[in-house]
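> Supplied in structure tokens, the structure appears directly below.
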Amino acid sequence: MRKGGRWYVALGGALVLFGAACTPGGDDDGDGDGEGGGEIVWALGGAEAQPGGVHQSVAELWNDQNPDNPVSIEQLPEEADQQREQQALELQAEGSNFDVLGMDVIWTGEYSENGWVESLEDVRGDIEGASIPGAFESATWGGELWAAPYNTNAGFLYYRTDLVDQPPDTWEALCDQGIEISQSEDIGSFIGQGARYEGFVVNWLEYYWSAGGELYNEDQTEVLFDTDLAVQATEFMANAIQDNCYAPGFNTAREEEGRNEFQQGNIAFLRNWPYVYSQVAGDDGSPANGNFDIAPLPTFTGEGTVSALGGFNNAVSAFSDNKDAATDFVVWAATNEEAQTMLATEGSVPPTLESVYDQLTDDPVMQLLGEILPDARPRPPAPQWNQISAEMQQTLFPAVNGEADVQGAVESVRTYLEGTLE
Amino acid sequence: MADDRVTSDVGTESASDDKPLRRRRGGLSERALARLFVAPSLLLMAGVALFPVVYAFVLSLYDYTRRQRTGFAGLENYADALADDRFWDSLWFTLLFTATSVAAEFLIGLGFALIMNQAFRGRGVTRAAILIPWVIPTVIAAQMWFFMFNVTPGFINTVFNLGNFNWLGQQGWATFAVIFADVWKTAPFVALLLLAGLQTIPSEMYESGLVDGAGALQRLWYITLPLLRPSILVALLFRTVEALRVYDLPQVMTGGAFDTESLSILVQQFVVRTPDPGYGAALSTISFVIILAIGMIFVSLLGRALVLERTTER
């Protein structure tokens with residue numbers, strides 16, 4: 001038994017348990033896939049990247065005009081975290097399968113520091129000035145342009161006009177109104193993105209920023225994290241769960257759960273992205289259809305509004321075999337009026353070309369975006385943002401849910417932020 | 001004799017047991033020849049199975065800043081991991097998940113297997129129906145159970161009239177939901193393995209048991225279970241090892257929130273989401289060792305079971 005058995009166990013064990021050990025860091029992909037030709041592969045995710053989505057229409061428009069360098073979409077998962085994982089796997093392996101990367105605004109620093117994307121300084125002049133400043137800024141890191149702006153995003157407050165006379169200016173007023181409505185109408189009050197993922201951090205930051213807080217100074221050399229304001233934001237969320245200002249299920253809700261609740265008429269207030277507008281307005285069976293409007297997000301002081309800046313830009317992969325054509329495409333997608341207008345009119349994907357906003361003033365979504373985008377703030381596009389976000393999810397989420405001490409949680413976020421500076 | 005067979009070297013498995021090992025004229029011994037023939041497949045297995053494990057261990061000895069190697073760290077990554085509450089929390093969840101889900105799956109699976117082993121009308125349909133959950137890919141099953149348990153749309157709350165009970169949004173119940181989904185998903189797999197075992201039990205055993213006046217429970221306890229032992233151990237081995245590696249169910253259903261972070265989710269975070277290859281590799285090596293150790297316990301039990309079986313057969 002002894003000797004032979006051990007062999008068995010070692011081999012059998014290694015086979016059966018093989019999946020237990022994942023090895024990080026593959027070295028080479030090797031295939032390169034450099035078929036030449038002029039084809040450009042555009043790797044992006046989300047609902048609008050699917051067949052019939054507006055990004056497909058944009059690709060078709062380009063293909064009509066540039067039959068020599070046709071663009072095809074490589075569809076990535078719906079969720080931003082997973083899109084990044086897919087892109088990172090390819091880029092880490094220095095694979096040339098993706099030419100153009102749909103790069104979320106918060107990945108700019110990481111991608112550029114990893115040497116995954118080409119600098120677009122040569123075409124800076126074509127883009128700067130045409131794109132809205134916030135979106136342009138989100139495509140830069142270290143003073144250099146790494147991507148062409150394409151799609152921007154900001155949070156709205158959706159509310160039911162049949163239940164709310166005047167959209168609230170402050171978070172407290174929102175809760176007061178919401179709780180009152182939920183008691184008299186037997187529906188939920190307010191929902192946002194409260195599940196433990198990037199969306200939670202976005203929502204938390206909107207509270208924190210609207211209380212007057214900051215994470216870093218302008219050039220990210222100093223931590224400005226204010227623990228008192230962070231406690232205020234965190235306690236607001238914790239109380240909102242306690243006193244049912246947040247509808248049940250807030251702490252497991254992402255974008256779609258909230259959108260569904262609002263669309264089905266189960267909720268009075270919703271914090272969500274612009275895409276919800278056309279969804280609800282296009283749903284004839286929805287009780288909210290015709291009975292809702294959008295407003296800027298409230299603040300703690302009642303002054304102004306702050307929203308987290310979302311969206312993604314198009315970057316050229318450093319490992320592409322077709323960089324020139326890919327660069328032409330990203331510049332075109334950022335500055336072509338027809339393509340950018342399409343984003344707003346065919347889908348609810350807010351464009352980044354400034355002139356489009358001047359033309360579409362009748363569109364309520366575009367109008368509100370034009371109003372709030374100047375005050376929208378990017379999450380710091382630092383190379384460590386993913387770690388920072390993961391840390392904030394890890395510490396703030398339990399605090400919001402009453403499982404951890406609020407003070408301790410915000411202190412550890414501050415310590416973590418300080419550790420990122422070195 | 002029976003012992004001989006089990007203890008003989010893997011390499012000589014194909015060689016005849018009864019003949020003494022003798023050196024052939026001018027050539028290699030049979031044993032050496034056998035080793036030679038087996039060597040290529042052993043090498044292949046080592047390359048596929050052993051190399052990643054060793055490579056992960058090597059990676060775990062280095063320090064990284066994002067993906068760049070910055071220096072030798074020795075066992076520092078391991079010390080960090082063992083000092084991290086998050087590691088112990090996820091280990092605790094993983095063990096709890098494994099113990100409860102495997103126990104429940106075994107009991108339910110055994111019940112299913114006993115039912116499916118009976119001759120009754122509609123047996124084919126029943127067998128097929130019981131297997132459906134197992135055929136559904138786990139991610140899809142996880143997403144489905146997310147919709148079932150989550151407050152929105154909240155099918156379970158609607159069916160049982162529970163209002164807005166927040167299954168996935170609080171400690172304890174989130175764990176329960178994940179375990180429940182796993183039991184639903186894999187009890188059929190256990191049933192399938194046990195059914196295969198049940199069908200090898202000769203009916204004469206039960207007949208003689210009946211003649212001796214054994215009741216249904218006695219037949220289960222003294223005939224079915226002992227003879228089913230090897231199948232049970234195989235089923236438990238597979239399920240335990242798989243449960244220890246659980247990733248997709250908690251990842252999709254809760255994202256690891258509310259104390260449902262499994263070791264694999266933790267490993268995935270440091271290998272893929274927020275890459276720190278050294279720390280990630282250390283975590284994955286630790287999980288590997290844990291799973292290997294638990295797996296080995298089963299394998300040695302299994303070995304003993306086979307030995308016992310063979311000796312009792314003779």
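The chains in the structure tokens are called A, B, ... from first to last as shown; in each chain the residues are counted from 1, and the ligands are counted from 1 in the order shown.
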Write out as a CSV table (one decimal) with N, CA and C atoms, in the first residue's frame the residues lying within 10 Å of range 264-270 of chain B, counting only C-alpha atoms and excluding same-chain residues fewer than 3 positions away.


```csv
chain,number,residue,atom,x,y,z
A,20,ALA,N,-7.7,23.4,-9.2
A,20,ALA,CA,-7.6,24.2,-7.9
A,20,ALA,C,-6.6,25.3,-8.1
A,21,ALA,N,-5.5,25.0,-8.8
A,21,ALA,CA,-4.4,25.9,-8.9
A,21,ALA,C,-4.5,26.6,-10.2
A,22,CYS,N,-4.8,27.9,-10.2
A,22,CYS,CA,-4.7,28.6,-11.4
A,22,CYS,C,-3.4,29.3,-11.5
A,24,PRO,N,-1.3,32.4,-12.6
A,24,PRO,CA,-1.4,33.7,-13.2
A,24,PRO,C,-0.3,34.0,-14.2
A,387,GLN,N,-7.8,48.5,-7.6
A,387,GLN,CA,-7.5,48.1,-6.2
A,387,GLN,C,-8.2,49.0,-5.2
A,390,ALA,N,-11.8,48.1,-5.2
A,390,ALA,CA,-12.0,46.8,-4.5
A,390,ALA,C,-11.9,47.0,-3.0
B,86,ARG,N,-9.4,38.2,5.7
B,86,ARG,CA,-10.2,37.9,4.6
B,86,ARG,C,-10.0,36.4,4.2
B,87,PHE,N,-8.7,36.0,4.3
B,87,PHE,CA,-8.4,34.7,3.9
B,87,PHE,C,-9.1,33.7,4.8
B,90,SER,N,-12.8,33.6,4.2
B,90,SER,CA,-13.2,32.8,3.0
B,90,SER,C,-13.0,31.4,3.2
B,91,LEU,N,-11.9,31.0,3.9
B,91,LEU,CA,-11.7,29.6,4.2
B,91,LEU,C,-12.9,29.0,5.0
B,94,THR,N,-15.8,28.6,2.8
B,94,THR,CA,-15.6,27.4,1.9
B,94,THR,C,-15.8,26.1,2.6
B,244,LEU,N,-15.0,22.5,-2.6
B,244,LEU,CA,-13.9,23.3,-2.1
B,244,LEU,C,-13.4,24.3,-3.1
B,245,ARG,N,-13.7,24.1,-4.3
B,245,ARG,CA,-13.2,25.0,-5.4
B,245,ARG,C,-14.3,25.9,-5.8
B,246,VAL,N,-15.4,25.9,-5.1
B,246,VAL,CA,-16.6,26.6,-5.7
B,246,VAL,C,-16.3,28.1,-6.0
B,247,TYR,N,-16.8,28.5,-7.2
B,247,TYR,CA,-16.5,29.9,-7.6
B,247,TYR,C,-17.8,30.5,-8.2
B,248,ASP,N,-18.4,29.8,-9.2
B,248,ASP,CA,-19.4,30.4,-10.0
B,248,ASP,C,-20.7,30.8,-9.2
B,250,PRO,N,-21.4,31.4,-5.8
B,250,PRO,CA,-21.4,32.7,-5.0
B,250,PRO,C,-21.0,33.9,-5.8
B,251,GLN,N,-20.2,33.7,-6.8
B,251,GLN,CA,-19.8,34.9,-7.6
B,251,GLN,C,-21.0,35.5,-8.3
B,255,GLY,N,-21.8,37.8,-5.4
B,255,GLY,CA,-20.5,38.5,-5.7
B,255,GLY,C,-19.5,38.4,-4.5
B,256,GLY,N,-19.8,37.4,-3.6
B,256,GLY,CA,-18.9,37.2,-2.5
B,256,GLY,C,-19.3,38.1,-1.3
B,260,THR,N,-19.9,35.4,1.8
B,260,THR,CA,-20.0,34.2,0.9
B,260,THR,C,-18.9,34.2,0.0
B,261,GLU,N,-17.8,34.8,0.4
B,261,GLU,CA,-16.6,34.8,-0.5
B,261,GLU,C,-15.8,33.5,-0.3
B,273,ARG,N,-8.7,40.1,-11.2
B,273,ARG,CA,-9.4,41.4,-11.1
B,273,ARG,C,-8.5,42.5,-10.7
B,274,THR,N,-7.8,42.4,-9.6
B,274,THR,CA,-6.8,43.4,-9.2
B,274,THR,C,-5.5,42.6,-9.1
B,275,PRO,N,-4.8,42.4,-10.2
B,275,PRO,CA,-3.7,41.4,-10.2
B,275,PRO,C,-2.6,41.8,-9.3
B,276,ASP,N,-2.2,40.8,-8.5
B,276,ASP,CA,-1.0,40.8,-7.7
B,276,ASP,C,-0.5,39.4,-7.8
B,277,PRO,N,0.2,39.1,-8.9
B,277,PRO,CA,0.5,37.6,-9.2
B,277,PRO,C,1.2,36.9,-8.0
B,278,GLY,N,2.0,37.6,-7.3
B,278,GLY,CA,2.7,36.9,-6.2
B,278,GLY,C,1.7,36.5,-5.1
B,279,TYR,N,0.9,37.4,-4.6
B,279,TYR,CA,-0.1,37.2,-3.6
B,279,TYR,C,-1.1,36.2,-4.1
B,280,GLY,N,-1.6,36.4,-5.3
B,280,GLY,CA,-2.6,35.5,-5.9
B,280,GLY,C,-2.1,34.1,-6.0
B,281,ALA,N,-0.8,33.9,-6.4
B,281,ALA,CA,-0.3,32.6,-6.5
B,281,ALA,C,-0.1,32.0,-5.1
B,282,ALA,N,0.3,32.8,-4.1
B,282,ALA,CA,0.4,32.2,-2.8
B,282,ALA,C,-1.0,31.7,-2.3
B,283,LEU,N,-2.0,32.5,-2.5
B,283,LEU,CA,-3.4,32.1,-2.1
B,283,LEU,C,-3.8,30.9,-2.9
B,284,SER,N,-3.5,30.8,-4.2
B,284,SER,CA,-3.9,29.6,-4.9
B,284,SER,C,-3.1,28.4,-4.5
B,285,THR,N,-1.8,28.6,-4.1
B,285,THR,CA,-1.1,27.5,-3.6
B,285,THR,C,-1.6,27.0,-2.3
B,286,ILE,N,-2.0,27.9,-1.4
B,286,ILE,CA,-2.5,27.5,-0.1
B,286,ILE,C,-3.8,26.7,-0.4
B,287,SER,N,-4.7,27.3,-1.2
B,287,SER,CA,-6.0,26.5,-1.5
B,287,SER,C,-5.7,25.2,-2.1
```

> Contacts of range 316-328 of chain A at 6 Å or less, counting only C-alpha atoms, minus same-chain residues fewer than 6 places along, as a list in words?

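Selected residues are Glu94, Ser96, Asp99, Val100, Trp116, Val117 and Glu118 of chain A.
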
> Those selected residues, please, written with N, CA and C atoms and delivered as a PDB file, in the first residue's frame.


```pdb
ATOM      1  N   GLU A  94       0.145  40.132 -24.914  1.00  0.00           N
ATOM      2  CA  GLU A  94       0.601  40.892 -26.072  1.00  0.00           C
ATOM      3  C   GLU A  94      -0.036  40.378 -27.358  1.00  0.00           C
ATOM      4  N   SER A  96      -2.547  40.334 -30.583  1.00  0.00           N
ATOM      5  CA  SER A  96      -2.923  41.385 -31.526  1.00  0.00           C
ATOM      6  C   SER A  96      -4.354  41.224 -32.010  1.00  0.00           C
ATOM      7  N   ASP A  99      -7.739  45.474 -32.019  1.00  0.00           N
ATOM      8  CA  ASP A  99      -7.062  46.668 -32.529  1.00  0.00           C
ATOM      9  C   ASP A  99      -7.518  47.912 -31.787  1.00  0.00           C
ATOM     10  N   VAL A 100      -8.826  48.006 -31.599  1.00  0.00           N
ATOM     11  CA  VAL A 100      -9.380  49.162 -30.896  1.00  0.00           C
ATOM     12  C   VAL A 100     -10.047  48.659 -29.627  1.00  0.00           C
ATOM     13  N   TRP A 116      -0.134  49.214 -22.697  1.00  0.00           N
ATOM     14  CA  TRP A 116      -1.063  48.433 -23.508  1.00  0.00           C
ATOM     15  C   TRP A 116      -1.668  49.247 -24.647  1.00  0.00           C
ATOM     16  N   VAL A 117      -1.612  50.582 -24.534  1.00  0.00           N
ATOM     17  CA  VAL A 117      -2.282  51.408 -25.540  1.00  0.00           C
ATOM     18  C   VAL A 117      -1.292  52.411 -26.132  1.00  0.00           C
ATOM     19  N   GLU A 118      -1.567  52.785 -27.390  1.00  0.00           N
ATOM     20  CA  GLU A 118      -0.734  53.740 -28.105  1.00  0.00           C
ATOM     21  C   GLU A 118      -1.056  55.164 -27.668  1.00  0.00           C
TER      22      GLU A 118
END
```

> Provide as an MDAnalysis selection string the residues of chain B at most 6 Å from chain A, counting only C-alpha atoms.

chainID B and resid 7 9 49 52 56 151 169 271 274 277 284 288

> Just asking: which residues within range 261-379 of chain A are alpha helix (DSSP H) according to DSSP, as JSON, numbers by chain?

{"A": [261, 262, 263, 275, 276, 277, 278, 279, 280, 281, 323, 324, 325, 326, 327, 328, 329, 330, 331, 332, 333, 334, 335, 337, 338, 339, 340, 341, 342, 343, 344, 345, 346, 354, 355, 356, 357, 358, 359, 364, 365, 366, 367, 368, 369, 370, 371, 372]}

> For the selection you just gave me, I'd like the residues written to a file as a tab-separated table (two decimals), in the first residue's frame, keeping N, CA and C atoms.


```tsv
chain	number	residue	atom	x	y	z
A	261	GLU	N	-37.41	47.82	-11.48
A	261	GLU	CA	-38.32	48.26	-10.44
A	261	GLU	C	-39.01	49.55	-10.85
A	262	PHE	N	-38.24	50.47	-11.39
A	262	PHE	CA	-38.81	51.75	-11.79
A	262	PHE	C	-39.77	51.56	-12.96
A	263	GLN	N	-39.35	50.77	-13.91
A	263	GLN	CA	-40.16	50.55	-15.11
A	263	GLN	C	-41.48	49.85	-14.76
A	275	TYR	N	-29.48	55.62	-20.00
A	275	TYR	CA	-30.09	54.60	-20.86
A	275	TYR	C	-31.50	54.23	-20.43
A	276	VAL	N	-31.79	54.46	-19.15
A	276	VAL	CA	-33.10	54.07	-18.64
A	276	VAL	C	-34.23	54.88	-19.30
A	277	TYR	N	-33.91	56.12	-19.67
A	277	TYR	CA	-34.94	57.01	-20.19
A	277	TYR	C	-35.67	56.40	-21.38
A	278	SER	N	-34.91	56.00	-22.39
A	278	SER	CA	-35.57	55.48	-23.60
A	278	SER	C	-36.23	54.13	-23.34
A	279	GLN	N	-35.67	53.38	-22.39
A	279	GLN	CA	-36.27	52.08	-22.05
A	279	GLN	C	-37.67	52.26	-21.48
A	280	VAL	N	-37.79	53.17	-20.52
A	280	VAL	CA	-39.10	53.37	-19.88
A	280	VAL	C	-40.05	54.09	-20.84
A	281	ALA	N	-39.51	55.09	-21.55
A	281	ALA	CA	-40.37	55.85	-22.46
A	281	ALA	C	-40.86	54.98	-23.62
A	323	LYS	N	-2.25	49.69	-36.70
A	323	LYS	CA	-2.40	50.86	-35.84
A	323	LYS	C	-2.87	52.10	-36.59
A	324	ASP	N	-2.39	52.29	-37.83
A	324	ASP	CA	-2.76	53.51	-38.54
A	324	ASP	C	-4.26	53.56	-38.80
A	325	ALA	N	-4.77	52.47	-39.34
A	325	ALA	CA	-6.20	52.42	-39.63
A	325	ALA	C	-6.99	52.53	-38.33
A	326	ALA	N	-6.50	51.88	-37.27
A	326	ALA	CA	-7.20	51.92	-35.99
A	326	ALA	C	-7.22	53.35	-35.44
A	327	THR	N	-6.12	54.07	-35.62
A	327	THR	CA	-6.08	55.46	-35.15
A	327	THR	C	-7.07	56.32	-35.94
A	328	ASP	N	-7.09	56.11	-37.27
A	328	ASP	CA	-8.06	56.85	-38.07
A	328	ASP	C	-9.48	56.59	-37.57
A	329	PHE	N	-9.75	55.33	-37.26
A	329	PHE	CA	-11.10	54.99	-36.83
A	329	PHE	C	-11.46	55.66	-35.50
A	330	VAL	N	-10.56	55.62	-34.53
A	330	VAL	CA	-10.93	56.19	-33.23
A	330	VAL	C	-11.12	57.71	-33.32
A	331	VAL	N	-10.31	58.34	-34.16
A	331	VAL	CA	-10.47	59.79	-34.33
A	331	VAL	C	-11.80	60.08	-35.02
A	332	TRP	N	-12.10	59.29	-36.04
A	332	TRP	CA	-13.37	59.44	-36.75
A	332	TRP	C	-14.55	59.26	-35.80
A	333	ALA	N	-14.49	58.20	-34.97
A	333	ALA	CA	-15.61	57.91	-34.08
A	333	ALA	C	-15.79	59.02	-33.04
A	334	ALA	N	-14.71	59.73	-32.74
A	334	ALA	CA	-14.80	60.80	-31.76
A	334	ALA	C	-15.32	62.09	-32.37
A	335	THR	N	-15.04	62.30	-33.67
A	335	THR	CA	-15.28	63.61	-34.24
A	335	THR	C	-16.30	63.62	-35.37
A	337	GLU	N	-19.64	63.83	-36.95
A	337	GLU	CA	-20.90	64.31	-36.39
A	337	GLU	C	-22.03	63.29	-36.57
A	338	GLU	N	-22.04	62.64	-37.72
A	338	GLU	CA	-23.11	61.68	-37.99
A	338	GLU	C	-23.04	60.50	-37.00
A	339	ALA	N	-21.82	60.00	-36.80
A	339	ALA	CA	-21.65	58.86	-35.90
A	339	ALA	C	-22.00	59.25	-34.47
A	340	GLN	N	-21.53	60.41	-34.05
A	340	GLN	CA	-21.77	60.83	-32.68
A	340	GLN	C	-23.25	61.15	-32.43
A	341	THR	N	-23.91	61.72	-33.45
A	341	THR	CA	-25.33	62.02	-33.30
A	341	THR	C	-26.13	60.73	-33.19
A	342	MET	N	-25.69	59.74	-33.96
A	342	MET	CA	-26.33	58.43	-33.93
A	342	MET	C	-26.40	57.86	-32.52
A	343	LEU	N	-25.31	58.04	-31.75
A	343	LEU	CA	-25.26	57.51	-30.38
A	343	LEU	C	-26.43	58.03	-29.57
A	344	ALA	N	-26.71	59.31	-29.74
A	344	ALA	CA	-27.78	59.92	-28.94
A	344	ALA	C	-29.15	59.58	-29.49
A	345	THR	N	-29.28	59.55	-30.81
A	345	THR	CA	-30.62	59.40	-31.37
A	345	THR	C	-31.04	57.94	-31.50
A	346	GLU	N	-30.10	57.06	-31.81
A	346	GLU	CA	-30.48	55.65	-31.99
A	346	GLU	C	-30.43	54.87	-30.69
A	354	GLU	N	-18.99	67.86	-28.68
A	354	GLU	CA	-19.70	68.99	-28.09
A	354	GLU	C	-20.81	69.54	-29.00
A	355	SER	N	-20.54	69.59	-30.31
A	355	SER	CA	-21.51	70.20	-31.22
A	355	SER	C	-22.83	69.43	-31.26
A	356	VAL	N	-22.78	68.14	-30.95
A	356	VAL	CA	-24.02	67.36	-30.97
A	356	VAL	C	-24.99	67.87	-29.91
A	357	TYR	N	-24.43	68.29	-28.77
A	357	TYR	CA	-25.29	68.78	-27.68
A	357	TYR	C	-26.01	70.06	-28.06
A	358	ASP	N	-25.33	70.88	-28.89
A	358	ASP	CA	-25.98	72.13	-29.31
A	358	ASP	C	-27.12	71.86	-30.27
A	359	GLN	N	-27.01	70.75	-31.00
A	359	GLN	CA	-28.05	70.46	-31.99
A	359	GLN	C	-29.27	69.77	-31.39
A	364	PRO	N	-34.71	65.63	-24.04
A	364	PRO	CA	-34.59	65.90	-22.60
A	364	PRO	C	-33.33	65.28	-21.99
A	365	VAL	N	-32.95	64.11	-22.46
A	365	VAL	CA	-31.76	63.46	-21.91
A	365	VAL	C	-30.52	64.29	-22.23
A	366	MET	N	-30.43	64.71	-23.49
A	366	MET	CA	-29.27	65.49	-23.90
A	366	MET	C	-29.25	66.84	-23.19
A	367	GLN	N	-30.43	67.37	-22.98
A	367	GLN	CA	-30.52	68.67	-22.32
A	367	GLN	C	-30.00	68.58	-20.89
A	368	LEU	N	-30.46	67.54	-20.17
A	368	LEU	CA	-30.03	67.39	-18.79
A	368	LEU	C	-28.53	67.07	-18.73
A	369	LEU	N	-28.09	66.24	-19.66
A	369	LEU	CA	-26.66	65.92	-19.70
A	369	LEU	C	-25.83	67.18	-19.89
A	370	GLY	N	-26.28	68.01	-20.84
A	370	GLY	CA	-25.57	69.25	-21.07
A	370	GLY	C	-25.48	70.09	-19.81
A	371	GLU	N	-26.52	69.95	-18.98
A	371	GLU	CA	-26.58	70.73	-17.75
A	371	GLU	C	-25.64	70.17	-16.67
A	372	ILE	N	-25.60	68.84	-16.54
A	372	ILE	CA	-24.85	68.27	-15.40
A	372	ILE	C	-23.43	67.83	-15.73
```

> Could you name the residues that touch range 173-189 of chain B at 9 Å or less, counting only C-alpha atoms, but leaving out those on the same chain fewer than 4 positions away, as a PDB file with C-alpha atoms, in the first residue's frame?


```
ATOM      1  CA  PHE B  93     -17.142  29.978   4.270  1.00  0.00           C
ATOM      2  CA  PHE B  97     -20.238  25.469   2.261  1.00  0.00           C
ATOM      3  CA  THR B  98     -18.478  22.191   1.549  1.00  0.00           C
ATOM      4  CA  THR B 100     -23.232  21.398   4.503  1.00  0.00           C
ATOM      5  CA  SER B 101     -23.703  21.157   0.769  1.00  0.00           C
ATOM      6  CA  VAL B 102     -21.954  17.803   0.437  1.00  0.00           C
ATOM      7  CA  ALA B 104     -27.200  17.515   2.003  1.00  0.00           C
ATOM      8  CA  GLU B 105     -26.332  16.401  -1.506  1.00  0.00           C
ATOM      9  CA  PHE B 106     -25.341  12.996  -0.231  1.00  0.00           C
ATOM     10  CA  LEU B 107     -28.562  12.441   1.699  1.00  0.00           C
ATOM     11  CA  ILE B 108     -30.794  13.715  -1.075  1.00  0.00           C
ATOM     12  CA  GLY B 109     -28.756  12.001  -3.760  1.00  0.00           C
ATOM     13  CA  LEU B 110     -28.964   8.706  -1.892  1.00  0.00           C
ATOM     14  CA  PHE B 112     -32.968   9.810  -5.374  1.00  0.00           C
ATOM     15  CA  ALA B 113     -30.737   6.855  -6.195  1.00  0.00           C
ATOM     16  CA  ILE B 130     -34.068  14.209 -11.650  1.00  0.00           C
ATOM     17  CA  LEU B 131     -31.048  14.776 -13.853  1.00  0.00           C
ATOM     18  CA  ILE B 132     -32.228  18.063 -15.369  1.00  0.00           C
ATOM     19  CA  PRO B 133     -30.627  20.365 -12.770  1.00  0.00           C
ATOM     20  CA  TRP B 134     -27.281  18.715 -13.251  1.00  0.00           C
ATOM     21  CA  VAL B 135     -27.385  19.275 -17.009  1.00  0.00           C
ATOM     22  CA  ILE B 136     -27.863  23.038 -16.668  1.00  0.00           C
ATOM     23  CA  THR B 138     -23.679  26.200 -13.274  1.00  0.00           C
ATOM     24  CA  ALA B 141     -28.260  27.925 -12.712  1.00  0.00           C
ATOM     25  CA  ALA B 142     -26.613  30.534 -10.484  1.00  0.00           C
ATOM     26  CA  TRP B 145     -31.309  31.226  -8.511  1.00  0.00           C
ATOM     27  CA  PHE B 146     -30.211  34.836  -8.202  1.00  0.00           C
ATOM     28  CA  PHE B 149     -33.939  34.615  -4.374  1.00  0.00           C
ATOM     29  CA  ASN B 166     -33.861  39.938   1.515  1.00  0.00           C
ATOM     30  CA  TRP B 167     -32.333  36.479   1.023  1.00  0.00           C
ATOM     31  CA  LEU B 168     -29.151  37.579  -0.696  1.00  0.00           C
ATOM     32  CA  GLY B 169     -28.718  40.859   1.173  1.00  0.00           C
ATOM     33  CA  LEU B 193     -22.967   7.944  -9.075  1.00  0.00           C
ATOM     34  CA  LEU B 194     -24.787   6.132  -6.293  1.00  0.00           C
ATOM     35  CA  ALA B 235     -19.165  10.535  -4.907  1.00  0.00           C
ATOM     36  CA  ARG B 239     -18.251  16.529  -4.545  1.00  0.00           C
ATOM     37  CA  ALA B 243     -17.253  22.168  -3.449  1.00  0.00           C
ATOM     38  CA  LEU B 249     -22.379  30.076  -7.619  1.00  0.00           C
ATOM     39  CA  PRO B 250     -21.396  32.657  -4.974  1.00  0.00           C
ATOM     40  CA  MET B 253     -25.445  35.089  -6.722  1.00  0.00           C
ATOM     41  CA  THR B 254     -23.805  37.409  -4.213  1.00  0.00           C
ATOM     42  CA  ALA B 257     -20.773  39.769  -0.308  1.00  0.00           C
ATOM     43  CA  PHE B 258     -22.235  38.885   3.090  1.00  0.00           C
ATOM     44  CA  ASP B 259     -19.623  36.319   4.039  1.00  0.00           C
ATOM     45  CA  THR B 260     -20.044  34.218   0.934  1.00  0.00           C
TER      46      THR B 260
END
```

> Can you list, as a list of chain:residue names, every protein, DNA or RNA residue that comes within 7 Å of range 302-311 of chain A when you count only C-alpha atoms, leaving out same-chain residues fewer than 6 positions away?

A:Asp104, A:Val105, A:Asn151, A:Thr152, A:Asn153, A:Ala154, A:Gly155, A:Asp169, A:Thr170, A:Val202, A:Glu206, A:Trp209, A:Ser210, A:Pro296, A:Asp375, A:Ala376, A:Arg377, A:Pro378, A:Arg379

> Give the answer as one residue: which of B:Pro226, B:Ala128, B:Asp63, B:Ala99 has the shortest atom-to-atom distance to Ile294 in chain B, using only C-alpha atoms?

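Smallest separation from Ile294 in chain B among the options: B:Ala99.
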